[in-house]
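Colleague: My structure is in entry_13.txt, and what it holds is compact mmCIF, C-alpha atoms and all ligand atoms:
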```txt
# COMPACT_ATOMS: atom_id res chain seq x y z
CA MET A 197 -14.53 -8.61 17.91
CA LEU A 198 -18.10 -9.48 18.89
CA LEU A 199 -17.23 -8.75 22.52
CA VAL A 200 -15.82 -5.35 21.54
CA GLY A 201 -19.01 -4.59 19.59
CA ALA A 202 -21.10 -5.60 22.60
CA GLY A 203 -18.91 -3.41 24.82
CA ALA A 204 -19.44 -0.40 22.55
CA GLU A 205 -23.18 -1.07 22.60
CA ARG A 206 -23.16 -1.16 26.41
CA LEU A 207 -21.37 2.19 26.48
CA GLY A 208 -24.24 3.57 24.39
CA LYS A 209 -21.99 4.27 21.38
CA LYS A 210 -23.75 4.15 18.02
CA ARG A 211 -20.87 4.95 15.73
CA ILE A 212 -17.81 2.72 15.34
CA ILE A 213 -14.55 3.86 13.77
CA ALA A 214 -11.43 1.86 12.94
CA GLU A 215 -8.15 2.22 11.10
CA THR A 216 -6.85 -0.51 8.85
CA GLY A 217 -3.71 -1.26 6.83
CA ALA A 218 -4.26 -4.49 4.93
CA GLY A 219 -7.99 -4.26 5.51
CA GLN A 220 -8.35 -7.39 7.66
CA HIS A 221 -9.15 -5.38 10.81
CA GLY A 222 -11.49 -3.17 8.80
CA VAL A 223 -13.37 -6.20 7.47
CA ALA A 224 -13.66 -7.67 11.00
CA THR A 225 -14.97 -4.34 12.34
CA ALA A 226 -17.40 -3.93 9.44
CA THR A 227 -18.67 -7.48 10.00
CA VAL A 228 -19.49 -6.91 13.66
CA CYS A 229 -21.11 -3.54 12.88
CA ALA A 230 -23.32 -5.18 10.25
CA LEU A 231 -24.34 -7.79 12.79
CA LYS A 232 -25.07 -5.19 15.47
CA GLY A 233 -26.69 -2.62 13.17
CA MET A 234 -24.08 0.04 14.00
CA GLU A 235 -22.62 2.73 11.76
CA CYS A 236 -19.07 1.82 10.70
CA ILE A 237 -16.39 4.14 9.40
CA VAL A 238 -13.01 2.73 8.45
CA TYR A 239 -9.98 4.93 7.74
CA MET A 240 -7.52 3.44 5.28
CA GLY A 241 -4.50 4.89 3.49
CA GLU A 242 -5.22 5.76 -0.13
CA LYS A 243 -2.29 3.60 -1.29
CA ASP A 244 -3.60 0.67 0.80
CA MET A 245 -7.10 1.06 -0.67
CA GLU A 246 -5.56 0.43 -4.08
CA ARG A 247 -3.34 -2.51 -3.18
CA GLN A 248 -5.95 -4.17 -0.92
CA ALA A 249 -8.96 -3.52 -3.14
CA PRO A 250 -10.69 -6.87 -2.36
CA ASN A 251 -10.88 -5.94 1.33
CA VAL A 252 -12.20 -2.46 0.48
CA ALA A 253 -14.97 -4.16 -1.53
CA ARG A 254 -15.70 -6.51 1.40
CA MET A 255 -15.99 -3.59 3.85
CA LYS A 256 -18.29 -1.67 1.52
CA MET A 257 -20.43 -4.75 0.93
CA LEU A 258 -20.77 -5.07 4.71
CA GLY A 259 -22.14 -1.52 4.84
CA ALA A 260 -19.03 0.32 6.06
CA THR A 261 -17.88 3.71 4.81
CA VAL A 262 -14.19 3.57 3.88
CA ILE A 263 -12.48 6.96 4.07
CA PRO A 264 -9.09 7.33 2.34
CA ALA A 265 -6.22 8.87 4.30
CA THR A 266 -4.39 11.04 1.82
CA SER A 267 -1.52 12.46 3.88
CA GLY A 268 2.05 11.19 4.38
CA SER A 269 2.75 7.77 2.90
CA LYS A 270 -1.04 7.21 2.53
CA THR A 271 -0.79 4.01 4.56
CA LEU A 272 -1.48 2.66 8.07
CA LYS A 273 0.13 5.47 10.11
CA ASP A 274 -1.89 8.06 8.20
CA ALA A 275 -5.12 6.07 8.60
CA THR A 276 -4.46 5.91 12.36
CA ASN A 277 -3.90 9.71 12.44
CA GLU A 278 -7.30 10.25 10.79
CA ALA A 279 -9.07 7.79 13.09
CA ILE A 280 -7.66 9.49 16.19
CA ARG A 281 -8.72 12.90 14.78
CA ASP A 282 -12.25 11.58 14.28
CA TRP A 283 -12.32 10.04 17.77
CA ILE A 284 -11.32 13.22 19.59
CA ASN A 285 -13.88 15.22 17.62
CA ASN A 286 -16.75 12.81 18.36
CA PRO A 287 -16.28 11.63 21.94
CA GLY A 288 -20.01 11.37 22.71
CA ASP A 289 -21.29 8.77 20.27
CA THR A 290 -18.15 7.16 18.81
CA HIS A 291 -16.15 4.12 19.89
CA TYR A 292 -12.72 3.57 18.33
CA ILE A 293 -11.76 -0.06 17.73
CA ILE A 294 -7.97 -0.06 17.26
CA GLY A 295 -6.44 -2.98 15.35
CA GLY A 296 -2.77 -2.80 16.41
CA VAL A 297 -1.18 -2.97 19.87
CA VAL A 298 -0.65 0.77 19.49
CA GLY A 299 -2.39 3.96 20.58
CA PRO A 300 -2.98 5.39 24.04
CA HIS A 301 -3.35 3.19 27.12
CA PRO A 302 -5.33 0.98 27.63
CA TYR A 303 -5.55 0.12 23.92
CA PRO A 304 -2.22 -1.75 23.54
CA ASP A 305 -3.06 -3.81 26.62
CA MET A 306 -6.66 -4.47 25.55
CA VAL A 307 -5.71 -5.44 22.00
CA ALA A 308 -2.97 -7.80 23.26
CA ARG A 309 -5.49 -9.47 25.58
CA PHE A 310 -8.11 -9.85 22.85
CA GLN A 311 -5.54 -11.28 20.42
CA SER A 312 -4.15 -13.60 23.11
CA VAL A 313 -6.82 -16.08 22.05
CA ILE A 314 -4.25 -17.06 19.38
CA SER A 315 -1.67 -18.37 21.87
CA GLU A 316 -4.37 -19.60 24.24
CA GLU A 317 -5.62 -21.99 21.57
CA MET A 318 -2.09 -22.94 20.53
CA LYS A 319 -1.05 -23.67 24.09
CA SER A 320 -4.19 -25.30 25.41
CA TRP A 321 -4.78 -27.82 22.62
CA GLN A 322 -3.63 -27.09 19.06
CA PHE A 323 0.09 -27.63 19.62
CA PHE A 324 -0.32 -30.79 21.71
CA GLU A 325 -2.82 -32.24 19.25
CA LYS A 326 -0.35 -31.83 16.37
CA THR A 327 2.94 -32.71 18.08
CA GLY A 328 2.29 -34.48 21.39
CA ASN A 329 4.47 -31.82 23.06
CA ASN A 330 3.36 -29.19 25.54
CA LEU A 331 5.56 -26.32 24.39
CA PRO A 332 7.15 -25.28 21.11
CA THR A 333 10.79 -24.21 21.03
CA HIS A 334 10.01 -21.09 18.95
CA VAL A 335 7.02 -18.91 18.12
CA ILE A 336 7.42 -16.65 15.08
CA ALA A 337 5.13 -13.82 13.99
CA CYS A 338 5.36 -10.70 11.85
CA VAL A 339 5.06 -7.22 13.35
CA GLY A 340 3.29 -4.26 11.80
CA GLY A 341 0.95 -2.76 14.36
CA GLY A 342 2.02 -5.73 16.46
CA SER A 343 -1.31 -7.41 17.17
CA ASN A 344 -0.87 -10.89 15.71
CA ALA A 345 2.60 -11.16 17.28
CA ALA A 346 1.28 -9.94 20.65
CA GLY A 347 -1.49 -12.54 20.47
CA ALA A 348 0.84 -15.33 19.39
CA PHE A 349 3.42 -14.52 22.09
CA TYR A 350 1.05 -13.69 24.97
CA HIS A 351 0.67 -17.06 26.73
CA PHE A 352 4.31 -17.96 26.08
CA LEU A 353 5.76 -14.79 27.61
CA ASN A 354 6.37 -16.54 30.93
CA GLU A 355 7.75 -19.72 29.35
CA PRO A 356 11.47 -18.92 29.14
CA SER A 357 12.23 -22.05 27.10
CA VAL A 358 10.10 -20.69 24.25
CA GLN A 359 12.00 -18.33 21.95
CA LEU A 360 9.84 -15.52 20.61
CA ILE A 361 10.79 -14.22 17.19
CA ALA A 362 9.26 -11.12 15.65
CA VAL A 363 9.76 -10.32 11.98
CA GLU A 364 9.61 -6.78 10.66
CA ALA A 365 9.44 -5.54 7.07
CA ALA A 366 12.83 -4.42 5.77
CA GLY A 367 11.13 -3.10 2.62
CA GLU A 368 13.71 -2.42 -0.09
CA GLY A 369 16.55 -2.92 2.37
CA MET A 370 17.72 -1.54 5.68
CA SER A 371 19.74 1.32 4.19
CA SER A 372 17.40 2.06 1.26
CA GLY A 373 15.32 4.68 3.08
CA LYS A 374 12.30 2.55 2.10
CA THR A 375 11.84 0.25 5.06
CA ALA A 376 9.73 -0.43 8.15
CA ALA A 377 12.40 -2.16 10.26
CA THR A 378 11.60 -0.17 13.37
CA THR A 379 13.78 -1.98 15.90
CA GLN A 380 16.82 -1.62 13.66
CA LEU A 381 16.35 2.05 12.84
CA GLY A 382 14.07 3.33 15.58
CA THR A 383 14.72 5.36 18.71
CA PRO A 384 12.42 5.91 21.70
CA GLY A 385 9.59 8.24 20.77
CA ILE A 386 5.90 8.93 21.12
CA LEU A 387 3.41 8.17 18.38
CA HIS A 388 -0.37 7.88 18.53
CA GLY A 389 -0.37 8.38 22.29
CA SER A 390 2.18 5.84 23.46
CA LYS A 391 5.91 5.68 23.98
CA ASN A 392 7.62 3.06 21.86
CA LEU A 393 10.38 2.64 19.33
CA LEU A 394 9.87 4.90 16.39
CA MET A 395 11.50 5.60 13.03
CA GLN A 396 12.06 9.33 13.32
CA THR A 397 14.43 12.12 12.40
CA GLU A 398 16.65 13.84 14.96
CA ASP A 399 13.93 16.48 15.25
CA GLY A 400 11.32 13.87 16.12
CA GLN A 401 9.57 13.90 12.75
CA VAL A 402 8.22 10.47 11.79
CA VAL A 403 10.10 8.85 8.89
CA GLU A 404 7.68 7.51 6.29
CA PRO A 405 7.76 3.71 6.40
CA HIS A 406 7.65 1.38 3.40
CA SER A 407 6.75 -2.25 2.87
CA ILE A 408 5.32 -4.19 -0.04
CA SER A 409 2.72 -5.43 2.43
CA ALA A 410 0.03 -3.00 3.54
CA GLY A 411 -0.04 -4.34 7.11
CA LEU A 412 3.64 -3.96 8.05
CA ASP A 413 4.55 -0.41 7.08
CA TYR A 414 4.03 1.18 10.47
CA PRO A 415 6.89 3.37 11.81
CA GLY A 416 6.54 2.12 15.42
CA ILE A 417 5.94 -1.25 17.08
CA GLY A 418 3.90 -0.36 20.18
CA PRO A 419 5.04 -0.43 23.80
CA LEU A 420 4.82 -4.21 24.36
CA HIS A 421 7.11 -5.06 21.46
CA ALA A 422 9.47 -2.19 22.32
CA TYR A 423 9.79 -3.78 25.76
CA LEU A 424 10.28 -7.28 24.36
CA PHE A 425 13.01 -5.93 22.09
CA GLU A 426 14.83 -3.91 24.73
CA SER A 427 14.61 -6.64 27.37
CA GLY A 428 15.83 -9.24 24.88
CA ARG A 429 12.79 -11.48 25.55
CA ALA A 430 12.03 -11.51 21.84
CA THR A 431 14.44 -11.61 18.91
CA PHE A 432 13.67 -9.20 16.09
CA LEU A 433 14.52 -10.15 12.50
CA SER A 434 13.46 -8.60 9.22
CA ALA A 435 12.66 -9.65 5.67
CA THR A 436 12.78 -7.51 2.53
CA ASP A 437 9.97 -7.17 0.01
CA ASP A 438 11.72 -9.60 -2.36
CA GLU A 439 12.41 -12.13 0.39
CA ALA A 440 8.77 -12.05 1.45
CA LEU A 441 7.59 -12.54 -2.12
CA ALA A 442 9.94 -15.48 -2.64
CA ALA A 443 8.76 -17.07 0.61
CA ALA A 444 5.11 -16.61 -0.40
CA PHE A 445 5.63 -18.32 -3.76
CA GLU A 446 7.52 -21.16 -2.12
CA LEU A 447 4.83 -21.76 0.53
CA ALA A 448 2.09 -21.76 -2.09
CA LYS A 449 3.92 -24.40 -4.12
CA LEU A 450 5.00 -26.56 -1.19
CA GLU A 451 1.93 -26.42 1.05
CA GLY A 452 -0.96 -25.18 -1.06
CA ILE A 453 -1.40 -22.10 1.12
CA ILE A 454 -1.35 -18.62 -0.41
CA PRO A 455 -0.14 -16.53 2.53
CA ALA A 456 -1.00 -12.93 3.28
CA LEU A 457 2.04 -10.86 2.27
CA GLU A 458 2.52 -9.85 5.92
CA SER A 459 2.84 -13.49 6.99
CA ALA A 460 5.21 -14.21 4.11
CA HIS A 461 7.80 -12.08 5.93
CA THR A 462 7.53 -14.48 8.85
CA LEU A 463 8.30 -17.45 6.62
CA HIS A 464 11.54 -15.88 5.44
CA ALA A 465 12.78 -15.92 9.04
CA LEU A 466 12.95 -19.70 8.78
CA THR A 467 15.94 -19.29 6.49
CA MET A 468 17.70 -16.93 8.91
CA MET A 469 17.84 -19.19 11.95
CA LYS A 470 20.10 -22.11 12.78
CA TRP A 471 17.86 -25.08 13.54
CA VAL A 472 18.47 -28.35 15.33
CA GLN A 473 16.51 -31.57 14.89
CA GLU A 474 14.61 -31.10 18.17
CA ASP A 475 13.22 -27.66 17.31
CA ILE A 476 9.45 -27.45 16.96
CA VAL A 477 8.35 -24.11 15.61
CA ILE A 478 5.00 -22.36 15.55
CA ILE A 479 4.49 -19.76 12.82
CA CYS A 480 1.58 -17.38 13.09
CA LEU A 481 0.35 -17.46 9.50
CA SER A 482 -2.60 -15.93 7.69
CA GLY A 483 -3.68 -17.74 4.53
CA ARG A 484 -5.58 -14.72 3.21
CA GLY A 485 -3.18 -14.08 0.36
CA ASP A 486 -6.22 -13.61 -1.88
CA LYS A 487 -6.20 -9.97 -0.73
CA ASP A 488 -2.66 -9.65 -2.17
CA LEU A 489 -3.29 -11.26 -5.52
CA SER A 490 -2.77 -8.05 -7.49
CA THR A 491 0.72 -7.68 -5.97
CA TYR A 492 1.52 -11.37 -6.49
CA MET A 493 0.41 -11.08 -10.13
CA LYS A 494 3.00 -8.34 -10.72
CA HIS A 495 5.77 -10.70 -9.53
CA ILE A 496 4.47 -14.09 -10.63
CA SER A 497 7.56 -14.89 -12.71
CA LEU A 498 9.80 -15.00 -9.60
C1 LIG B 501 -2.75 -10.88 7.70
C2 LIG B 501 -2.04 -9.82 8.47
N1 LIG B 501 -0.95 -10.14 9.19
C3 LIG B 501 -0.28 -9.19 9.88
C4 LIG B 501 -0.68 -7.89 9.89
C5 LIG B 501 0.13 -6.89 10.64
O1 LIG B 501 -0.56 -6.30 11.68
P1 LIG B 501 -0.22 -6.68 13.18
O2 LIG B 501 1.24 -6.50 13.35
O3 LIG B 501 -1.04 -5.73 13.99
O4 LIG B 501 -0.64 -8.10 13.38
C6 LIG B 501 -1.81 -7.50 9.14
C7 LIG B 501 -2.27 -6.11 9.12
O5 LIG B 501 -3.22 -5.73 8.51
C8 LIG B 501 -2.51 -8.50 8.41
O6 LIG B 501 -3.57 -8.21 7.65
```
Would you put the structure from the file into structure tokens?
Modeller:
Amino acid sequence: MLLVGAGAERLGKKRIIAETGAGQHGVATATVCALKGMECIVYMGEKDMERQAPNVARMKMLGATVIPATSGSKTLKDATNEAIRDWINNPGDTHYIIGGVVGPHPYPDMVARFQSVISEEMKSWQFFEKTGNNLPTHVIACVGGGSNAAGAFYHFLNEPSVQLIAVEAAGEGMSSGKTAATTQLGTPGILHGSKNLLMQTEDGQVVEPHSISAGLDYPGIGPLHAYLFESGRATFLSATDDEALAAAFELAKLEGIIPALESAHTLHALTMMKWVQEDIVIICLSGRGDKDLSTYMKHISL
């Protein structure tokens, strides 16, 4: 993120904009803007501002202006719409820092490369240090805008022995009409300037996505993940809201980690696979479940 801030500075841009779902990307952008003394405007769905209030407070404390997106499902897609509108109206002084592997080229490629530090660290030392092996058998990550999965998969893409598993949000269930399982329900389409798989009507209208997590309810998956799905290089699974919640409570009790609700979807995938003794699995997991405490509190009796 620091590099991106420095890049914007070099381009002479004084105003930074970003979109955010769960608020993590917004907080990262606000942090670098505070450090660099740049103006920061973050677009966030109105619904997400409510359910991710701690991250809204963090962004504001860091000096950012958080602007609610009030159209559509009032979530990530709508925040991205507003950010793109801002960007095309202010081309002279504004740099757009996109959080997902979405948007027009070269953004999906750039974001995947920036996030690839995740698999670089896994592959170059973290995995060997923990297991004494060079390669895992599986890498699992959740997919909303696709960035953490792109980063976790990146340096394993050319390692055919490593199975890549992406987990989408099934929301209230695949046939409920309240879901974000793009690969299951999507068809090729164009959203936010790139061709990918998209939940859409026959007329090409975007279907409003739903997930209990603010970071996974995006109606597309970006071109990289669409390719990984269609080529079969990655396996796409999904977890419902309830399955993600149950996995989050289980992880907290078993490991002492309160996961971000997005990552909790990833954990559920562990119950969907057939494992053998030799499997060694990497899960891309965020422990920032503190941002989701208000949602967890509503379901604490599970
Ligand atoms: C902790 C966490 N994981 C996953 C995601 C999903 O986004 P992406 O698919 O771009 O990694 C988010 C989005 O805000 C997030 O905050």
Colleague: Kindly compile the residues surrounding ligand LIG 501 (chain B) within 6 Å, counting only C-alpha atoms and all ligand atoms, and format them as a ChimeraX atom specification.
Modeller: /A:217-220,296,339-345,411-412,456,458-459,482
Colleague: Would you work out the distance separating atom CA of A:Met234 from atom CA of A:Ser267, expressed in Å to one decimal?
Modeller: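 Atom-to-atom, atom CA of A:Met234 to atom CA of A:Ser267, that is 27.7 Å.
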Colleague: Out of A:Thr462, A:Phe323, A:Pro287, A:Ala337, which residue has the shortest atom-to-atom distance to A:Gly208 when counting all atoms listed in the file?
Modeller: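 Checking each candidate against A:Gly208, we get A:Pro287 as the closest.
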Colleague: Point out the residue among A:Ala348, A:Met197, A:Ile476, A:Ala362 with the least atom-to-atom distance to A:Ile294, counting all atoms listed in the file.
Modeller: A:Met197
Colleague: Go ahead and compute the interatomic distance for atom CA of A:Phe445 and atom CA of A:Leu489, in Å to one decimal.
Modeller: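 Those two atoms sit 11.5 Å apart.
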Colleague: Find the distance between atom CA of A:Val228 and atom CA of A:Ser320 and write it in Å to one decimal.
Modeller: 26.7 Å
Colleague: I need the residue nearest A:Leu393 from this list: A:Val298, A:Ala365, A:Leu450, A:Val313. Use all atoms listed in the file for the distance.
Modeller: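 For A:Leu393, the nearest of the given residues is A:Val298.
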Colleague: Quick one: of A:Gly382, A:Val262, A:Asp282, A:Tyr292, who's nearest to A:Ile213, counting all atoms listed in the file?
Modeller: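 The answer is A:Tyr292, which sits nearest to A:Ile213.
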Colleague: Would you mind telling me which residue in A:Gly485, A:Gly452, A:Pro250, A:Gly299 lies nearest to A:Glu215 when using all atoms listed in the file?
Modeller: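 Answer, going by the shortest atom-to-atom distance: A:Gly299.
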Colleague: Reconstruct stretch 243-267 of chain A at the level of N, CA and C atoms, and format the result as a tab-separated table (two decimals), in the frame of the given file.
Modeller:
```
chain	number	residue	atom	x	y	z
A	243	LYS	N	-3.13	4.60	-0.60
A	243	LYS	CA	-2.29	3.60	-1.29
A	243	LYS	C	-2.77	2.18	-0.92
A	244	ASP	N	-3.13	1.99	0.37
A	244	ASP	CA	-3.60	0.67	0.80
A	244	ASP	C	-4.95	0.32	0.19
A	245	MET	N	-5.80	1.35	-0.04
A	245	MET	CA	-7.10	1.06	-0.67
A	245	MET	C	-6.90	0.49	-2.06
A	246	GLU	N	-5.84	0.96	-2.73
A	246	GLU	CA	-5.56	0.43	-4.08
A	246	GLU	C	-5.02	-0.98	-4.01
A	247	ARG	N	-4.00	-1.20	-3.14
A	247	ARG	CA	-3.34	-2.51	-3.18
A	247	ARG	C	-4.13	-3.59	-2.43
A	248	GLN	N	-5.13	-3.18	-1.63
A	248	GLN	CA	-5.95	-4.17	-0.92
A	248	GLN	C	-7.41	-4.02	-1.33
A	249	ALA	N	-7.61	-3.81	-2.64
A	249	ALA	CA	-8.96	-3.52	-3.14
A	249	ALA	C	-10.00	-4.59	-2.75
A	250	PRO	N	-9.66	-5.89	-2.73
A	250	PRO	CA	-10.69	-6.87	-2.36
A	250	PRO	C	-11.24	-6.62	-0.95
A	251	ASN	N	-10.38	-6.21	-0.02
A	251	ASN	CA	-10.88	-5.94	1.33
A	251	ASN	C	-11.70	-4.65	1.40
A	252	VAL	N	-11.37	-3.68	0.54
A	252	VAL	CA	-12.20	-2.46	0.48
A	252	VAL	C	-13.60	-2.84	0.00
A	253	ALA	N	-13.66	-3.71	-1.02
A	253	ALA	CA	-14.97	-4.16	-1.53
A	253	ALA	C	-15.74	-4.91	-0.44
A	254	ARG	N	-15.03	-5.75	0.32
A	254	ARG	CA	-15.70	-6.51	1.40
A	254	ARG	C	-16.30	-5.54	2.42
A	255	MET	N	-15.50	-4.55	2.83
A	255	MET	CA	-15.99	-3.59	3.85
A	255	MET	C	-17.22	-2.85	3.34
A	256	LYS	N	-17.16	-2.42	2.07
A	256	LYS	CA	-18.29	-1.67	1.52
A	256	LYS	C	-19.53	-2.56	1.44
A	257	MET	N	-19.31	-3.81	1.03
A	257	MET	CA	-20.43	-4.75	0.93
A	257	MET	C	-21.08	-4.96	2.30
A	258	LEU	N	-20.26	-4.88	3.34
A	258	LEU	CA	-20.77	-5.07	4.71
A	258	LEU	C	-21.40	-3.79	5.26
A	259	GLY	N	-21.43	-2.75	4.45
A	259	GLY	CA	-22.14	-1.52	4.84
A	259	GLY	C	-21.25	-0.45	5.43
A	260	ALA	N	-19.93	-0.67	5.46
A	260	ALA	CA	-19.03	0.32	6.06
A	260	ALA	C	-18.73	1.45	5.07
A	261	THR	N	-18.39	2.61	5.63
A	261	THR	CA	-17.88	3.71	4.81
A	261	THR	C	-16.36	3.67	4.95
A	262	VAL	N	-15.66	3.60	3.83
A	262	VAL	CA	-14.19	3.57	3.88
A	262	VAL	C	-13.68	4.94	3.45
A	263	ILE	N	-12.97	5.61	4.37
A	263	ILE	CA	-12.48	6.96	4.07
A	263	ILE	C	-10.98	6.92	3.83
A	264	PRO	N	-10.53	7.37	2.64
A	264	PRO	CA	-9.09	7.33	2.34
A	264	PRO	C	-8.30	8.35	3.16
A	265	ALA	N	-7.15	7.93	3.66
A	265	ALA	CA	-6.22	8.87	4.30
A	265	ALA	C	-5.23	9.29	3.23
A	266	THR	N	-5.16	10.58	2.97
A	266	THR	CA	-4.39	11.04	1.82
A	266	THR	C	-3.09	11.75	2.19
A	267	SER	N	-2.76	11.77	3.49
A	267	SER	CA	-1.52	12.46	3.88
A	267	SER	C	-0.36	11.47	3.98
```
